[in-house]
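This is entry-v5.txt. It holds compact mmCIF, C-alpha atoms and all ligand atoms.
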```txt
# COMPACT_ATOMS: atom_id res chain seq x y z
CA MET A 28 3.42 24.06 -15.90
CA THR A 29 6.77 25.24 -14.74
CA ASP A 30 10.14 23.56 -14.57
CA GLY A 31 10.47 20.90 -11.90
CA ASP A 32 6.87 20.58 -10.81
CA GLY A 33 6.80 16.85 -11.49
CA VAL A 34 3.97 17.33 -13.99
CA SER A 35 5.69 19.00 -16.89
CA GLY A 36 7.59 15.87 -17.92
CA TYR A 37 11.03 17.12 -16.98
CA LEU A 38 12.68 17.43 -13.60
CA SER A 39 14.64 20.06 -11.75
CA GLY A 40 18.11 19.35 -10.36
CA ARG A 41 16.49 19.02 -6.97
CA ALA A 42 14.11 16.24 -8.00
CA ALA A 43 13.66 13.44 -5.47
CA LEU A 44 14.46 10.10 -7.08
CA ALA A 45 13.28 6.58 -6.32
CA GLY A 46 12.54 3.47 -8.36
CA VAL A 47 12.07 -0.27 -8.49
CA MET A 48 14.84 -2.79 -9.13
CA GLY A 49 13.86 -6.12 -10.66
CA TRP A 50 14.97 -8.61 -13.33
CA PRO A 51 12.92 -8.33 -15.42
CA VAL A 52 11.22 -5.16 -14.29
CA GLY A 53 8.98 -4.32 -17.24
CA HIS A 54 5.92 -5.99 -15.68
CA SER A 55 6.12 -3.92 -12.48
CA LEU A 56 3.11 -1.73 -11.73
CA SER A 57 5.08 0.32 -9.20
CA PRO A 58 6.13 3.12 -11.60
CA ARG A 59 2.46 3.65 -12.52
CA LEU A 60 1.45 3.58 -8.87
CA HIS A 61 4.11 5.97 -7.54
CA GLY A 62 3.79 8.12 -10.66
CA PHE A 63 0.11 8.66 -9.82
CA TRP A 64 0.98 9.89 -6.32
CA LEU A 65 3.83 12.09 -7.60
CA ARG A 66 1.44 13.81 -10.02
CA GLN A 67 -1.37 13.99 -7.46
CA HIS A 68 0.86 15.73 -4.93
CA ARG A 69 2.73 17.79 -7.58
CA ILE A 70 6.06 16.57 -6.28
CA ASP A 71 9.30 17.40 -8.05
CA GLY A 72 10.39 13.79 -8.29
CA ALA A 73 10.55 10.62 -10.34
CA TYR A 74 10.08 6.91 -9.79
CA VAL A 75 11.80 4.81 -12.42
CA PRO A 76 11.99 1.12 -13.38
CA LEU A 77 15.57 -0.17 -13.00
CA ALA A 78 16.42 -3.45 -14.73
CA VAL A 79 19.17 -4.86 -12.52
CA GLU A 80 20.71 -8.26 -13.17
CA PRO A 81 20.89 -10.48 -10.08
CA ASP A 82 24.69 -10.50 -9.91
CA ARG A 83 24.77 -6.68 -10.07
CA LEU A 84 22.28 -6.05 -7.27
CA GLU A 85 24.94 -5.16 -4.71
CA GLN A 86 26.62 -2.75 -7.14
CA ALA A 87 23.28 -1.15 -7.96
CA LEU A 88 22.24 -0.74 -4.33
CA ARG A 89 25.63 0.71 -3.36
CA ALA A 90 25.32 3.27 -6.17
CA LEU A 91 22.05 4.70 -4.84
CA PRO A 92 23.52 7.36 -2.48
CA ALA A 93 26.01 8.55 -5.10
CA LEU A 94 23.22 8.90 -7.66
CA GLY A 95 21.10 10.88 -5.23
CA PHE A 96 18.36 8.27 -4.94
CA ARG A 97 16.21 8.37 -1.80
CA GLY A 98 15.61 4.64 -2.12
CA VAL A 99 14.04 1.84 -4.13
CA ASN A 100 11.53 -0.95 -4.08
CA LEU A 101 12.79 -4.43 -4.86
CA THR A 102 10.91 -7.09 -6.75
CA ILE A 103 11.65 -10.59 -8.06
CA PRO A 104 14.38 -11.92 -7.75
CA HIS A 105 16.02 -9.35 -5.46
CA LYS A 106 13.94 -9.38 -2.26
CA GLU A 107 15.74 -12.20 -0.42
CA PRO A 108 19.34 -11.50 -1.56
CA ALA A 109 19.00 -7.84 -0.54
CA LEU A 110 18.65 -8.80 3.11
CA ALA A 111 22.41 -9.41 3.31
CA LEU A 112 23.32 -6.38 1.18
CA VAL A 113 21.73 -3.51 3.12
CA ASP A 114 23.38 -1.94 6.19
CA ARG A 115 20.42 -2.33 8.54
CA THR A 116 17.07 -4.05 8.44
CA THR A 117 13.78 -3.31 10.16
CA PRO A 118 12.40 -6.07 12.43
CA ALA A 119 9.74 -6.78 9.76
CA ALA A 120 12.36 -7.38 7.04
CA ALA A 121 14.48 -9.55 9.34
CA ARG A 122 11.51 -11.72 10.32
CA ILE A 123 10.12 -11.98 6.81
CA GLY A 124 13.61 -12.73 5.49
CA ALA A 125 13.28 -10.33 2.57
CA VAL A 126 13.50 -6.63 1.69
CA ASN A 127 10.98 -4.90 -0.58
CA THR A 128 11.75 -1.28 0.36
CA VAL A 129 15.20 0.34 0.68
CA ILE A 130 15.61 3.76 2.26
CA VAL A 131 18.84 5.69 1.80
CA GLY A 132 19.80 7.37 5.07
CA GLN A 133 22.73 9.22 6.62
CA ASP A 134 24.00 5.96 8.05
CA GLY A 135 23.55 3.79 4.96
CA LEU A 136 20.84 1.63 3.44
CA LEU A 137 17.86 0.59 5.56
CA GLY A 138 16.00 -2.50 4.33
CA ASP A 139 12.32 -2.73 5.22
CA ASN A 140 9.54 -5.09 4.24
CA THR A 141 6.05 -3.62 3.83
CA ASP A 142 4.30 -6.58 2.16
CA GLY A 143 2.76 -7.83 5.41
CA TYR A 144 1.72 -4.32 6.37
CA GLY A 145 0.15 -3.92 2.92
CA PHE A 146 -1.84 -7.12 3.31
CA ILE A 147 -3.21 -6.21 6.75
CA ALA A 148 -4.01 -2.67 5.58
CA SER A 149 -5.88 -4.12 2.59
CA LEU A 150 -7.99 -6.28 4.94
CA ALA A 151 -8.73 -3.30 7.15
CA ALA A 152 -9.76 -1.23 4.12
CA GLY A 153 -11.61 -3.94 2.22
CA ALA A 154 -13.40 -5.86 4.95
CA ARG A 155 -14.82 -3.90 7.83
CA GLY A 156 -15.15 -5.91 10.97
CA TRP A 157 -12.47 -8.58 10.44
CA GLU A 158 -10.66 -9.20 13.70
CA ALA A 159 -7.43 -11.14 13.99
CA GLY A 160 -8.56 -12.90 17.16
CA ALA A 161 -11.91 -14.04 15.70
CA GLY A 162 -10.71 -17.51 14.71
CA PRO A 163 -8.14 -19.59 12.84
CA ALA A 164 -6.55 -18.21 9.67
CA VAL A 165 -5.74 -20.56 6.78
CA LEU A 166 -2.87 -19.68 4.48
CA LEU A 167 -2.63 -21.48 1.13
CA GLY A 168 0.99 -21.38 -0.05
CA ALA A 169 4.39 -21.22 1.60
CA GLY A 170 6.43 -18.96 -0.67
CA GLY A 171 7.78 -15.45 -0.14
CA ALA A 172 4.39 -13.75 -0.02
CA ALA A 173 3.08 -16.37 2.42
CA ARG A 174 5.93 -15.66 4.81
CA ALA A 175 5.29 -11.91 4.81
CA ILE A 176 1.57 -12.45 5.38
CA ALA A 177 2.10 -15.10 8.07
CA VAL A 178 4.41 -12.77 10.03
CA ALA A 179 1.88 -9.96 9.71
CA LEU A 180 -1.04 -12.15 10.78
CA ILE A 181 0.84 -13.33 13.86
CA ASP A 182 1.75 -9.73 14.70
CA ALA A 183 -1.88 -8.71 14.18
CA GLY A 184 -2.96 -11.22 16.83
CA VAL A 185 -4.10 -14.33 14.95
CA LEU A 186 -4.11 -17.12 17.52
CA GLU A 187 -4.14 -20.09 15.15
CA LEU A 188 -2.46 -20.18 11.78
CA ARG A 189 -2.90 -23.18 9.48
CA LEU A 190 -0.30 -23.51 6.72
CA VAL A 191 -1.38 -25.49 3.67
CA ASN A 192 1.00 -26.01 0.77
CA ARG A 193 1.31 -28.38 -2.19
CA THR A 194 4.88 -29.19 -1.12
CA PRO A 195 4.54 -29.98 2.60
CA ALA A 196 8.27 -29.66 3.29
CA ARG A 197 8.12 -26.00 2.31
CA ALA A 198 5.25 -25.38 4.75
CA GLU A 199 7.25 -27.17 7.47
CA THR A 200 10.23 -24.91 6.76
CA LEU A 201 7.99 -21.85 6.96
CA ALA A 202 6.51 -23.08 10.24
CA ALA A 203 10.02 -23.50 11.66
CA GLN A 204 10.91 -19.95 10.57
CA LEU A 205 7.78 -18.60 12.25
CA ALA A 206 8.05 -20.66 15.42
CA ASP A 207 9.74 -18.04 17.62
CA ALA A 208 7.34 -15.26 16.64
CA ALA A 209 4.36 -17.56 17.14
CA ARG A 210 5.61 -18.63 20.57
CA GLU A 211 6.15 -15.01 21.63
CA ARG A 212 2.62 -14.11 20.61
CA GLY A 213 0.98 -17.28 21.88
CA ALA A 214 -0.13 -18.33 18.39
CA ALA A 215 -0.53 -21.98 17.39
CA LEU A 216 0.97 -23.03 14.05
CA THR A 217 -0.13 -26.14 12.19
CA VAL A 218 0.89 -27.60 8.85
CA LEU A 219 -1.91 -29.39 7.02
CA PRO A 220 -1.80 -31.40 3.79
CA TRP A 221 -2.92 -29.83 0.50
CA GLN A 222 -6.64 -30.53 -0.04
CA ASP A 223 -7.09 -31.44 3.64
CA GLU A 224 -10.82 -31.56 4.31
CA ASP A 225 -10.45 -30.22 7.86
CA ALA A 226 -8.28 -27.21 6.99
CA LEU A 227 -11.18 -24.78 6.57
CA ALA A 228 -13.33 -25.96 9.50
CA GLY A 229 -14.03 -23.14 11.96
CA ALA A 230 -11.73 -20.69 10.13
CA SER A 231 -12.40 -16.94 10.10
CA LEU A 232 -9.95 -16.12 7.29
CA LEU A 233 -8.78 -17.93 4.16
CA VAL A 234 -5.95 -16.43 2.13
CA ASN A 235 -4.60 -17.66 -1.19
CA THR A 236 -0.91 -16.80 -1.50
CA THR A 237 -0.18 -19.35 -4.23
CA SER A 238 0.06 -18.36 -7.87
CA LEU A 239 -2.94 -20.59 -8.67
CA GLY A 240 -5.78 -18.63 -10.27
CA MET A 241 -3.41 -16.10 -11.83
CA SER A 242 -3.72 -15.48 -15.60
CA GLY A 243 -1.77 -18.24 -17.34
CA GLN A 244 -1.71 -20.48 -14.26
CA PRO A 245 -4.03 -23.37 -13.36
CA PRO A 246 -7.15 -22.52 -11.34
CA LEU A 247 -7.23 -22.96 -7.57
CA GLU A 248 -9.60 -25.84 -6.97
CA ILE A 249 -10.93 -25.81 -3.44
CA ASP A 250 -14.20 -26.86 -1.85
CA LEU A 251 -15.37 -23.94 0.29
CA ALA A 252 -18.28 -25.87 1.84
CA PRO A 253 -16.50 -26.45 5.20
CA LEU A 254 -15.71 -22.73 5.58
CA PRO A 255 -17.98 -20.90 8.05
CA ALA A 256 -20.37 -18.51 6.25
CA GLN A 257 -18.95 -15.33 7.84
CA ALA A 258 -15.29 -16.19 7.07
CA LEU A 259 -13.36 -13.61 5.06
CA VAL A 260 -11.73 -14.85 1.84
CA ALA A 261 -8.71 -12.99 0.45
CA ASP A 262 -6.69 -13.67 -2.69
CA ILE A 263 -3.38 -11.87 -3.22
CA VAL A 264 -3.42 -12.70 -6.94
CA TYR A 265 -4.54 -9.48 -8.68
CA SER A 266 -4.45 -10.52 -12.34
CA PRO A 267 -7.30 -11.21 -12.82
CA LEU A 268 -8.74 -9.10 -10.03
CA GLU A 269 -11.74 -11.40 -9.61
CA THR A 270 -10.11 -14.81 -9.31
CA GLY A 271 -12.06 -18.06 -9.36
CA LEU A 272 -11.57 -18.30 -5.60
CA LEU A 273 -13.10 -14.86 -5.00
CA ALA A 274 -15.98 -15.49 -7.42
CA GLY A 275 -16.76 -18.79 -5.68
CA ALA A 276 -16.53 -17.21 -2.23
CA ARG A 277 -18.70 -14.25 -3.26
CA ALA A 278 -21.34 -16.64 -4.63
CA ARG A 279 -21.46 -18.32 -1.22
CA GLY A 280 -21.92 -14.96 0.52
CA HIS A 281 -18.42 -14.62 2.02
CA PRO A 282 -16.89 -11.17 2.36
CA VAL A 283 -13.90 -11.01 -0.03
CA VAL A 284 -10.76 -8.91 -0.46
CA ASP A 285 -8.85 -8.86 -3.75
CA GLY A 286 -5.09 -8.70 -4.25
CA LEU A 287 -4.81 -5.16 -5.57
CA GLY A 288 -5.21 -3.59 -2.12
CA MET A 289 -2.06 -5.32 -0.83
CA LEU A 290 -0.06 -4.06 -3.81
CA LEU A 291 -1.26 -0.49 -3.31
CA HIS A 292 -0.94 -0.36 0.47
CA GLN A 293 2.56 -1.91 0.58
CA ALA A 294 3.77 1.07 -1.47
CA ARG A 295 2.67 3.73 1.02
CA PRO A 296 5.53 3.57 3.58
CA GLY A 297 8.20 3.82 0.86
CA PHE A 298 6.55 6.80 -0.84
CA ARG A 299 6.26 8.57 2.49
CA ALA A 300 9.93 7.93 3.36
CA TRP A 301 11.25 9.05 -0.05
CA PHE A 302 8.95 11.90 -0.96
CA GLY A 303 7.75 13.16 2.45
CA VAL A 304 4.01 12.80 1.84
CA ALA A 305 1.76 10.08 3.26
CA PRO A 306 -0.25 8.98 0.20
CA GLU A 307 -3.76 7.54 0.17
CA VAL A 308 -5.21 4.54 -1.61
CA THR A 309 -8.20 5.84 -3.55
CA ASP A 310 -10.55 4.58 -6.25
CA ALA A 311 -8.72 6.78 -8.77
CA LEU A 312 -5.41 5.11 -7.87
CA ARG A 313 -6.99 1.66 -8.18
CA ALA A 314 -8.35 2.55 -11.62
CA THR A 315 -4.98 3.89 -12.79
CA VAL A 316 -3.09 0.81 -11.65
CA LEU A 317 -5.75 -1.56 -12.99
CA ALA A 318 -5.40 0.08 -16.41
CA GLY A 319 -1.76 -1.04 -16.32
CA LEU A 320 -2.84 -4.67 -16.05
CA GLY A 321 -4.14 -4.41 -19.63
N1 LIG B 401 -0.97 -8.60 -4.15
C1 LIG B 401 0.33 -8.41 -3.94
O1 LIG B 401 0.78 -7.32 -3.59
C2 LIG B 401 1.28 -9.57 -4.11
C3 LIG B 401 2.55 -9.53 -3.50
C4 LIG B 401 3.41 -10.63 -3.66
C5 LIG B 401 3.00 -11.72 -4.42
N2 LIG B 401 1.77 -11.71 -4.99
C6 LIG B 401 1.32 -12.89 -5.77
O2 LIG B 401 1.36 -14.02 -4.90
C7 LIG B 401 1.69 -15.20 -5.63
C8 LIG B 401 2.84 -15.94 -4.94
O3 LIG B 401 4.00 -15.12 -4.92
P1 LIG B 401 5.34 -15.61 -4.15
O4 LIG B 401 6.33 -14.53 -4.34
O5 LIG B 401 5.04 -16.09 -2.78
O6 LIG B 401 5.76 -16.88 -5.07
P2 LIG B 401 6.64 -18.14 -4.66
O7 LIG B 401 7.58 -17.82 -3.55
O8 LIG B 401 7.17 -18.68 -5.94
O9 LIG B 401 5.53 -19.20 -4.08
C9 LIG B 401 4.59 -19.76 -4.95
C10 LIG B 401 3.57 -20.57 -4.14
O10 LIG B 401 2.56 -21.05 -5.05
C11 LIG B 401 2.47 -22.48 -4.93
N3 LIG B 401 2.14 -23.07 -6.21
C12 LIG B 401 2.65 -22.74 -7.43
N4 LIG B 401 2.12 -23.53 -8.37
C13 LIG B 401 1.27 -24.40 -7.75
C14 LIG B 401 0.42 -25.47 -8.19
N5 LIG B 401 0.35 -25.80 -9.49
N6 LIG B 401 -0.32 -26.12 -7.27
C15 LIG B 401 -0.26 -25.78 -5.94
N7 LIG B 401 0.54 -24.78 -5.48
C16 LIG B 401 1.28 -24.11 -6.37
C17 LIG B 401 3.84 -22.91 -4.45
O11 LIG B 401 3.75 -24.19 -3.87
P3 LIG B 401 5.05 -25.15 -3.82
O12 LIG B 401 5.84 -24.73 -2.61
O13 LIG B 401 4.44 -26.51 -3.69
O14 LIG B 401 5.80 -24.96 -5.11
C18 LIG B 401 4.15 -21.80 -3.44
O15 LIG B 401 3.48 -22.03 -2.24
C19 LIG B 401 1.98 -14.72 -7.05
O16 LIG B 401 0.82 -14.92 -7.83
C20 LIG B 401 2.24 -13.24 -6.91
O17 LIG B 401 1.89 -12.51 -8.07
C21 LIG B 401 0.89 -10.68 -4.84
```

Would you write the structure of this file as C-alpha cells?
Ligand SMILES: NC(=O)c1ccc[n+]([C@@H]2O[C@H](COP(=O)([O-])OP(=O)(O)OC[C@H]3O[C@@H](n4cnc5c(N)ncnc54)[C@H](OP(=O)(O)O)[C@@H]3O)[C@@H](O)[C@H]2O)c1
Amino acid sequence: MTDGDGVSGYLSGRAALAGVMGWPVGHSLSPRLHGFWLRQHRIDGAYVPLAVEPDRLEQALRALPALGFRGVNLTIPHKEPALALVDRTTPAAARIGAVNTVIVGQDGLLGDNTDGYGFIASLAAGARGWEAGAGPAVLLGAGGAARAIAVALIDAGVLELRLVNRTPARAETLAAQLADAARERGAALTVLPWQDEDALAGASLLVNTTSLGMSGQPPLEIDLAPLPAQALVADIVYSPLETGLLAGARARGHPVVDGLGMLLHQARPGFRAWFGVAPEVTDALRATVLAGLG
C-alpha cells in the first residue's frame, strides 16, 4: 500500500476528513461504518470520533472549516442544539428540529437530518411491497427519533399517523409540531393512550421508537393480536438486533424490519457529501457494524 490510500493506516496531506461529535462518543458505531466505506472505496480520508462537551459544541463546529473537515455527524446530546448553531438548515432538519449531519460548504455550515430518510430507506430495503398509503401507521414513542420518523412517514404519504407514548403530553407536543406538515399532506394525526387496545386496529405499519426492548432496558410489552396479519413491524432498537417485539411479530407471521438498516442508511448522504462516493448498504457492511455491537 502506498502513502495516502486510506488503507495503509496513515493519511496524505490531502486526506478528506469527517467525524462524529457526541458526549460521550465512544459508543458510536459511525467510525466503524464510515471506516468500512472508506476502505472499500480506497479513499484517502478519515472519519474520527470527536468527544465534544455540550458547552463546547459551537466552538467545535466553528472550528471545522479551519481544520479542513468536510463535515460531521452529530449524536446525543448535540442534535437539537446544533439547529441554532449552523448557518443554514435543510427543510428536513428544520422540520425534524434536529441536525445529524453537518456539511462544510463555501457559504458556511449546512445542517441536514437524514434519520427519517434512513428509516424509510430501511423499510424499502427490508420489506418489499410496503406502501405508505396502504393504511394507518402506529408510532410508539415521541422522542427525537419518533419526530424524524413521523416527518418522514408524512412525507412518504402516510395518510393516518397514530402517536402512542407513555407520557401523553409529549405525544401531544409532537402532534402539534407535526400539524402543519400533516395538514399540507392531508394526513390525519391522532394521539392515543399507551396500551390503547384500539391503536393497532387496521394498521399497516407498527414502529417502535422507544428505548424499550434495548439491552439493559425493560421489554416492550404489547399485545399484537389486534394488528392485521399483513402489517409490517419495525423496531429502531438495534441492540439486540432481534428485539422481543420483532421476535413476537415474526412468530405471528408479520414482515419485520430491524433497526440496523436505519442506522446504516442514514449515513449514506453524509458520506456522499464528504467523500464524493455514493456508498451502498451491503451484507458485509451489516456484518462489520454488527461486530461492533459486541
Ligand atoms: N436505528 C437507528 O438508527 C436509531 C436512531 C435513533 C435512535 N434509535 C433508538 O431509538 C430509541 C429512542 O431514541 P430517542 O433519541 O428518540 O430517545 P428519546 O428522545 O429519549 O425518547 C425515548 C422514548 O422512549 C420512551 N420510553 C423510555 N422509557 C420508557 C418506558 N419505560 N416505558 C415506555 N416508554 C419509554 C419515552 O417515553 P416518555 O416520553 O414517556 O419518556 C420516549 O418516547 C433508542 O433506543 C435509540 O437507540 C435508533

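Within the 10 Å cut-off around Thr236 of chain A, using only C-alpha atoms and omitting residues fewer than 5 positions from it on the same chain, the listed residues are Leu166, Leu167, Gly168, Ala169, Gly170, Gly171, Ala172, Ala173, Arg174, Ile176, Asn192, Ala261, Asp262, Ile263, Val264 and Gly286 of chain A.
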
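These residues, each with an atom at most 10 Å from (-9.2, -14.5, 13.1) using only C-alpha atoms, are A:Trp157, A:Glu158, A:Ala159, A:Gly160, A:Ala161, A:Gly162, A:Pro163, A:Ala164, A:Val165, A:Leu180, A:Ala183, A:Gly184, A:Val185, A:Leu186, A:Glu187, A:Leu188, A:Gly229, A:Ala230, A:Ser231, A:Leu232, A:Leu233, A:Ala258, A:Leu259.
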
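Going from atom CA of Gly53 of chain A to atom CA of Leu101 of chain A covers 13.0 Å.
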
Taking all atoms of segment 134-139 of chain A that the file lists, what box with edges along x, y and z, padded by 4 Å per side, do you get, with centre and edge lengths in Å to one decimal, as AutoDock Vina command-line options?
```
--center_x 18.2 --center_y 1.6 --center_z 5.7 --size_x 19.7 --size_y 16.7 --size_z 12.6
```

Item to complete: Enter the distance from atom O3 of ligand LIG 401 (chain B) to atom CA of Asn100 of chain A, in Å, rounded to one decimal.
Response: 16.1 Å

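With only C-alpha atoms as the atoms that count, the residue of A:Ser242, A:Thr194, A:Ser149, A:Ser266 with the shortest distance to Val283 of chain A is A:Ser149.
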
Discussion item. Quick one: residues within 9 Å of Gly297 of chain A, only C-alpha atoms, excluding same-chain residues fewer than 2 positions away - as a PyMOL selection string?
Written reply: chain A and resi 98-100+128-130+139+141+293-295+299-302

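You can rank A:Asp71, A:Asp207, A:Glu85, A:Glu248 by their closest distance to ligand LIG 401 (chain B) using all atoms listed in the file, and at the top of that list sits A:Glu248.
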
Practice prompt. Select, from A:Gly132, A:Phe96, A:Leu137, A:Leu216, the residue with the minimum atom-to-atom distance to Asp114 of chain A, counting all atoms listed in the file.
Written response: A:Leu137

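Pairwise distance (atom CA of Arg212 of chain A, atom CA of Ala177 of chain A) equals 12.6 Å.
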
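Residue neighbourhood of Asp142 of chain A, excluding near-sequence residues (fewer than 3 positions): Gly145, Phe146, Ala175 and Gln293 of chain A, at 7 Å, using all atoms listed in the file.
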
Please produce a file of those selected residues containing C-alpha atoms, as a short mmCIF file (atom, residue, chain, number, x, y, z; two decimals), in the frame of the given file.
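Wrote out-v3.cif, looks like this:
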```cif
data_model
loop_
_atom_site.label_atom_id
_atom_site.label_comp_id
_atom_site.auth_asym_id
_atom_site.auth_seq_id
_atom_site.Cartn_x
_atom_site.Cartn_y
_atom_site.Cartn_z
CA GLY A 145 0.15 -3.92 2.92
CA PHE A 146 -1.84 -7.12 3.31
CA ALA A 175 5.29 -11.91 4.81
CA GLN A 293 2.56 -1.91 0.58
#
```

Fill in: Proximity to Pro282 of chain A - best of A:Gly240, A:Gly156, A:Gly46, A:Pro76, all atoms listed in the file
A:Gly156

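Nearest residue to ligand LIG 401 (chain B), choosing from A:Val234, A:Ile147, A:Leu239, A:Leu254 and counting all atoms listed in the file: A:Leu239.
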
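Here the question is which of A:Asp223, A:Asp285, A:Glu80, A:Asp250 gets nearest to ligand LIG 401 (chain B) using all atoms listed in the file, and that residue is A:Asp285.
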
Worksheet item: Skipping near chain neighbours, those fewer than 4 positions away, what residues fall within 8 Å of Tyr144 of chain A using all atoms listed in the file, listed as a PyMOL selection string?
Response: chain A and resi 148+179+292-293

Taking C-alpha atoms for each residue, export the selection above as a PDB file, in the coordinates of the input.
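Okay, selection_25.pdb is ready:
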```
ATOM      1  CA  ALA A 148      -4.010  -2.670   5.580  1.00  0.00           C
ATOM      2  CA  ALA A 179       1.880  -9.960   9.710  1.00  0.00           C
ATOM      3  CA  HIS A 292      -0.940  -0.360   0.470  1.00  0.00           C
ATOM      4  CA  GLN A 293       2.560  -1.910   0.580  1.00  0.00           C
TER       5      GLN A 293
END
```
